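J.: I have a structure here, written as structure tokens, and I will follow up with some questions on it.
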Amino acid sequence: MLPAVSAEASPVNRRDRMLRACLGAPLDRPPVWLMRQAGRYLPEYREIRERVPFLELCGDAQLAAEVSLQPYRRFGMDAVIVFSDILLPLCGLGLGVEFRPGPVVANPIERESDLPRLEGSVAEVIAPTCEAIRRLARALEGEVAVIGFAGAPWTLAAYALESQLSRDVAALRALSYRAPAFLDRLLDRMAEIAAEALVLQIEAGADVIQIFDTWAGALSRERFRCSAGRALRRLLDLLPRERPPVILFARDAPHLLEDLAGLGADVVSLDWRVDLEEAARRVGDRVSLQGNLDPAALAAPTEEIERRVAELIEQGRKARGHVLNLGHGVAPTTPVEGVAAFVRAAQGRRG
Ligand code: CP3
């Protein structure tokens with residue numbers, strides 16, 4: 001599965017660099033990309049969004065591929081994530097998902113008898129995402145890694161259950177005590193939905209998969225193991241044995257690090273609150289690590305960003321493999337120059 005090149009012997013292309021880092025093969029420097037690298041901080045994205053509503057953009061393969069490529073053309077990252085949303089697979093399922101611009105669910109799941117509403121065609125709603133992946137793979141000609149993604153069962157369930165999320169997903173946590181059997185069924189269904197979306201993206205040519213568990217950090221270790229963690233394991237079990245590397249992101253979950261590292265994913269993506277070097281010590285060589293510059297640090301002067309990138313690269317050497325990224329998504333107010341400085345510094349180019 002590993003590209004048969006040694007880091008010293010021949011130049012590694014961006015895609016190989018990404019795959020090698022995920023699997024823990026030696027490299028001279030880590031690959032770099034950014035969560036939410038396509039989005040509102042880019043004027044060319046805002047220009048398209050003035051004409052096209054968000055869901056229409058996700059539903060148009062040609063435009064979605066174009067928007068995915070916008071940050072690559074400007075900054076030349078080592079990986080391109082397909083433009084879509086973790087909630088897109090839920091859009092065909094009778095929940096009434098809308099974006100204003102944050103997600104709002106008109107008909108949330110409230111009781112066990114609502115579960116049949118989670119039937120419907122995932123394949124149909126994410127067909128444009130898969131077609132966008134095919135277009136990206138063609139445009140990037142195997143030189144740059146294409147990333148597909150899905151939401152983790154726990155995080156998808158959080159949105160399906162609450163019309164607008166409460167702090168720390170209180171309703172979902174309450175459900176885990178009040179009606180654990182209902183929660184299990186809900187999580188199992190979400191694992192199937194995410195798996196279906198991922199298998200289709202893998203078949204379309206995704207080189208790497210990322211699973212976003214944005215709300216797992218709200219759980220204690222004990223609760224994580226019996227709910228979100230169990231469902232993540234189920235999701236990973238539903239993927240083909242021969243599959244691309246899987247990156248698992250959980251926000252604000254330093255207490256879950258060892259658990260996340262033991263689920264069978266290849267990479268754990270850290271948010272900015274965790275010390276990268278300490279995380280590397282804790283997970284050992286079970287997984288590679290991704291992260292984890294504070295997205296707010298992209299507002300710093302160029303020299304400060306360069307210093308922090310150098311520091312992260314140094315800390316990342318303690319990990320089995322390291323993919324340089326932010327600790328969460330790029331914010332809409334981020335200066336374009338900050339993103340440019342981050343990628344340049346990561347790739348050893350001067351400003
Ligand atoms: O560039 C990329 O990273 C790929 C595209 C991508 C989007 N959402 C586009 C988007 C990805 C990977 C996501 C993941 C996602 N979506 C997550 C997990 C990551 C995280 O942020 O923790 C979650 C929780 C969602 C759900 C979601 N979608 C939220 C909370 C929002 C509103 C956030 C905001 O920034 O306003 C969205 C809308 C959304 N998804 C936007 C984008 C670019 C903004 C919509 C717009 O253009 O108006």
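Quick note on naming: the chains in the structure tokens go A, B, ... in the order shown, residues restart at 1 in each chain, and ligands are numbered from 1 in order of appearance.
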Using only C-alpha atoms and all ligand atoms, what does the table of chain A residues within 9 Å of ligand 1 look like, with each row giving the shortest atom pair and its distance in Å to one decimal, sorted by chain and ascending number, as JSON lines?
T.:
{"residue": "A:Leu34", "atom": "CA", "partner": "ligand 1", "partner_atom_place_in_ligand_line": "3 (O)", "distance": 7.1}
{"residue": "A:Met35", "atom": "CA", "partner": "ligand 1", "partner_atom_place_in_ligand_line": "3 (O)", "distance": 4.4}
{"residue": "A:Arg36", "atom": "CA", "partner": "ligand 1", "partner_atom_place_in_ligand_line": "3 (O)", "distance": 2.9}
{"residue": "A:Gln37", "atom": "CA", "partner": "ligand 1", "partner_atom_place_in_ligand_line": "1 (O)", "distance": 4.2}
{"residue": "A:Ala38", "atom": "CA", "partner": "ligand 1", "partner_atom_place_in_ligand_line": "1 (O)", "distance": 3.9}
{"residue": "A:Gly39", "atom": "CA", "partner": "ligand 1", "partner_atom_place_in_ligand_line": "43 (C)", "distance": 4.3}
{"residue": "A:Arg40", "atom": "CA", "partner": "ligand 1", "partner_atom_place_in_ligand_line": "47 (O)", "distance": 5.9}
{"residue": "A:Tyr45", "atom": "CA", "partner": "ligand 1", "partner_atom_place_in_ligand_line": "47 (O)", "distance": 7.9}
{"residue": "A:Arg46", "atom": "CA", "partner": "ligand 1", "partner_atom_place_in_ligand_line": "47 (O)", "distance": 7.5}
{"residue": "A:Arg49", "atom": "CA", "partner": "ligand 1", "partner_atom_place_in_ligand_line": "47 (O)", "distance": 6.4}
{"residue": "A:Pro53", "atom": "CA", "partner": "ligand 1", "partner_atom_place_in_ligand_line": "48 (O)", "distance": 7.6}
{"residue": "A:Phe54", "atom": "CA", "partner": "ligand 1", "partner_atom_place_in_ligand_line": "47 (O)", "distance": 5.5}
{"residue": "A:Leu55", "atom": "CA", "partner": "ligand 1", "partner_atom_place_in_ligand_line": "45 (C)", "distance": 8.6}
{"residue": "A:Leu57", "atom": "CA", "partner": "ligand 1", "partner_atom_place_in_ligand_line": "47 (O)", "distance": 8.9}
{"residue": "A:Cys58", "atom": "CA", "partner": "ligand 1", "partner_atom_place_in_ligand_line": "9 (C)", "distance": 8.6}
{"residue": "A:Val67", "atom": "CA", "partner": "ligand 1", "partner_atom_place_in_ligand_line": "1 (O)", "distance": 8.6}
{"residue": "A:Ser68", "atom": "CA", "partner": "ligand 1", "partner_atom_place_in_ligand_line": "1 (O)", "distance": 6.8}
{"residue": "A:Pro71", "atom": "CA", "partner": "ligand 1", "partner_atom_place_in_ligand_line": "1 (O)", "distance": 8.7}
{"residue": "A:Val80", "atom": "CA", "partner": "ligand 1", "partner_atom_place_in_ligand_line": "1 (O)", "distance": 8.2}
{"residue": "A:Ile81", "atom": "CA", "partner": "ligand 1", "partner_atom_place_in_ligand_line": "4 (C)", "distance": 5.5}
{"residue": "A:Val82", "atom": "CA", "partner": "ligand 1", "partner_atom_place_in_ligand_line": "4 (C)", "distance": 5.7}
{"residue": "A:Phe83", "atom": "CA", "partner": "ligand 1", "partner_atom_place_in_ligand_line": "5 (C)", "distance": 4.4}
{"residue": "A:Ser84", "atom": "CA", "partner": "ligand 1", "partner_atom_place_in_ligand_line": "5 (C)", "distance": 5.0}
{"residue": "A:Asp85", "atom": "CA", "partner": "ligand 1", "partner_atom_place_in_ligand_line": "8 (N)", "distance": 4.3}
{"residue": "A:Ile86", "atom": "CA", "partner": "ligand 1", "partner_atom_place_in_ligand_line": "16 (N)", "distance": 4.9}
{"residue": "A:Leu87", "atom": "CA", "partner": "ligand 1", "partner_atom_place_in_ligand_line": "26 (C)", "distance": 6.1}
{"residue": "A:Leu88", "atom": "CA", "partner": "ligand 1", "partner_atom_place_in_ligand_line": "16 (N)", "distance": 8.8}
{"residue": "A:Phe99", "atom": "CA", "partner": "ligand 1", "partner_atom_place_in_ligand_line": "38 (C)", "distance": 6.2}
{"residue": "A:Arg100", "atom": "CA", "partner": "ligand 1", "partner_atom_place_in_ligand_line": "48 (O)", "distance": 7.1}
{"residue": "A:Pro101", "atom": "CA", "partner": "ligand 1", "partner_atom_place_in_ligand_line": "48 (O)", "distance": 4.5}
{"residue": "A:Gly102", "atom": "CA", "partner": "ligand 1", "partner_atom_place_in_ligand_line": "32 (C)", "distance": 3.5}
{"residue": "A:Pro103", "atom": "CA", "partner": "ligand 1", "partner_atom_place_in_ligand_line": "29 (C)", "distance": 5.6}
{"residue": "A:Gly148", "atom": "CA", "partner": "ligand 1", "partner_atom_place_in_ligand_line": "12 (C)", "distance": 8.5}
{"residue": "A:Phe149", "atom": "CA", "partner": "ligand 1", "partner_atom_place_in_ligand_line": "12 (C)", "distance": 6.6}
{"residue": "A:Ala150", "atom": "CA", "partner": "ligand 1", "partner_atom_place_in_ligand_line": "14 (C)", "distance": 7.8}
{"residue": "A:Gly151", "atom": "CA", "partner": "ligand 1", "partner_atom_place_in_ligand_line": "18 (C)", "distance": 6.6}
{"residue": "A:Thr155", "atom": "CA", "partner": "ligand 1", "partner_atom_place_in_ligand_line": "24 (C)", "distance": 7.3}
{"residue": "A:Leu156", "atom": "CA", "partner": "ligand 1", "partner_atom_place_in_ligand_line": "24 (C)", "distance": 8.4}
{"residue": "A:Tyr159", "atom": "CA", "partner": "ligand 1", "partner_atom_place_in_ligand_line": "26 (C)", "distance": 8.5}
{"residue": "A:Gln210", "atom": "CA", "partner": "ligand 1", "partner_atom_place_in_ligand_line": "12 (C)", "distance": 8.3}
{"residue": "A:Ile211", "atom": "CA", "partner": "ligand 1", "partner_atom_place_in_ligand_line": "18 (C)", "distance": 8.4}
{"residue": "A:Phe212", "atom": "CA", "partner": "ligand 1", "partner_atom_place_in_ligand_line": "18 (C)", "distance": 5.1}
{"residue": "A:Asp213", "atom": "CA", "partner": "ligand 1", "partner_atom_place_in_ligand_line": "18 (C)", "distance": 7.0}
{"residue": "A:Thr214", "atom": "CA", "partner": "ligand 1", "partner_atom_place_in_ligand_line": "22 (O)", "distance": 4.5}
{"residue": "A:Trp215", "atom": "CA", "partner": "ligand 1", "partner_atom_place_in_ligand_line": "22 (O)", "distance": 7.8}
{"residue": "A:Phe249", "atom": "CA", "partner": "ligand 1", "partner_atom_place_in_ligand_line": "19 (C)", "distance": 8.2}
{"residue": "A:Ala250", "atom": "CA", "partner": "ligand 1", "partner_atom_place_in_ligand_line": "22 (O)", "distance": 8.0}
{"residue": "A:Arg251", "atom": "CA", "partner": "ligand 1", "partner_atom_place_in_ligand_line": "22 (O)", "distance": 6.8}
{"residue": "A:His328", "atom": "CA", "partner": "ligand 1", "partner_atom_place_in_ligand_line": "22 (O)", "distance": 6.7}
{"residue": "A:Gly329", "atom": "CA", "partner": "ligand 1", "partner_atom_place_in_ligand_line": "21 (O)", "distance": 5.7}
{"residue": "A:Val330", "atom": "CA", "partner": "ligand 1", "partner_atom_place_in_ligand_line": "3 (O)", "distance": 8.1}
{"residue": "A:Ala331", "atom": "CA", "partner": "ligand 1", "partner_atom_place_in_ligand_line": "35 (O)", "distance": 6.9}
{"residue": "A:Pro332", "atom": "CA", "partner": "ligand 1", "partner_atom_place_in_ligand_line": "35 (O)", "distance": 6.9}
J.: Name the residues in contact with stretch 304-320 of chain A at a cut-off of 8 Å, using only C-alpha atoms, excluding same-chain residues fewer than 2 positions from it; report them as a ChimeraX atom specification.
T.: /A:24-25,29-30,276-277,280-281,284-289,292-293,297-298,300-302,322,324,338,341-342,345-346
J.: So that I can see what lies close to A:Val105, please list as a PyMOL selection string the residues with an atom at most 7 Å from it, counting only C-alpha atoms and leaving out residues fewer than 5 positions away in the same chain.
T.: chain A and resi 95-98+160+163-164
J.: If you measure from atom CA of A:Leu238 to atom CA of A:Ala195, what distance in Å do you get, rounded to one decimal?
T.: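 Atom-to-atom, atom CA of A:Leu238 to atom CA of A:Ala195, that is 6.1 Å.
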J.: Between A:Leu118, A:Ala21, A:Ala253, A:Ala179, which residue has the minimum interatomic distance to A:Ser220, considering only C-alpha atoms?
T.: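 Of all the options, A:Ala253 lies closest to A:Ser220.
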J.: May I have all residues of stretch 130-263 of chain A that DSSP, computed from the backbone, assigns to alpha helix (DSSP H), given as an NGL selection string?
T.: :A and (130-140 or 153-161 or 170-178 or 180-204 or 221-226 or 228-237 or 257-261)
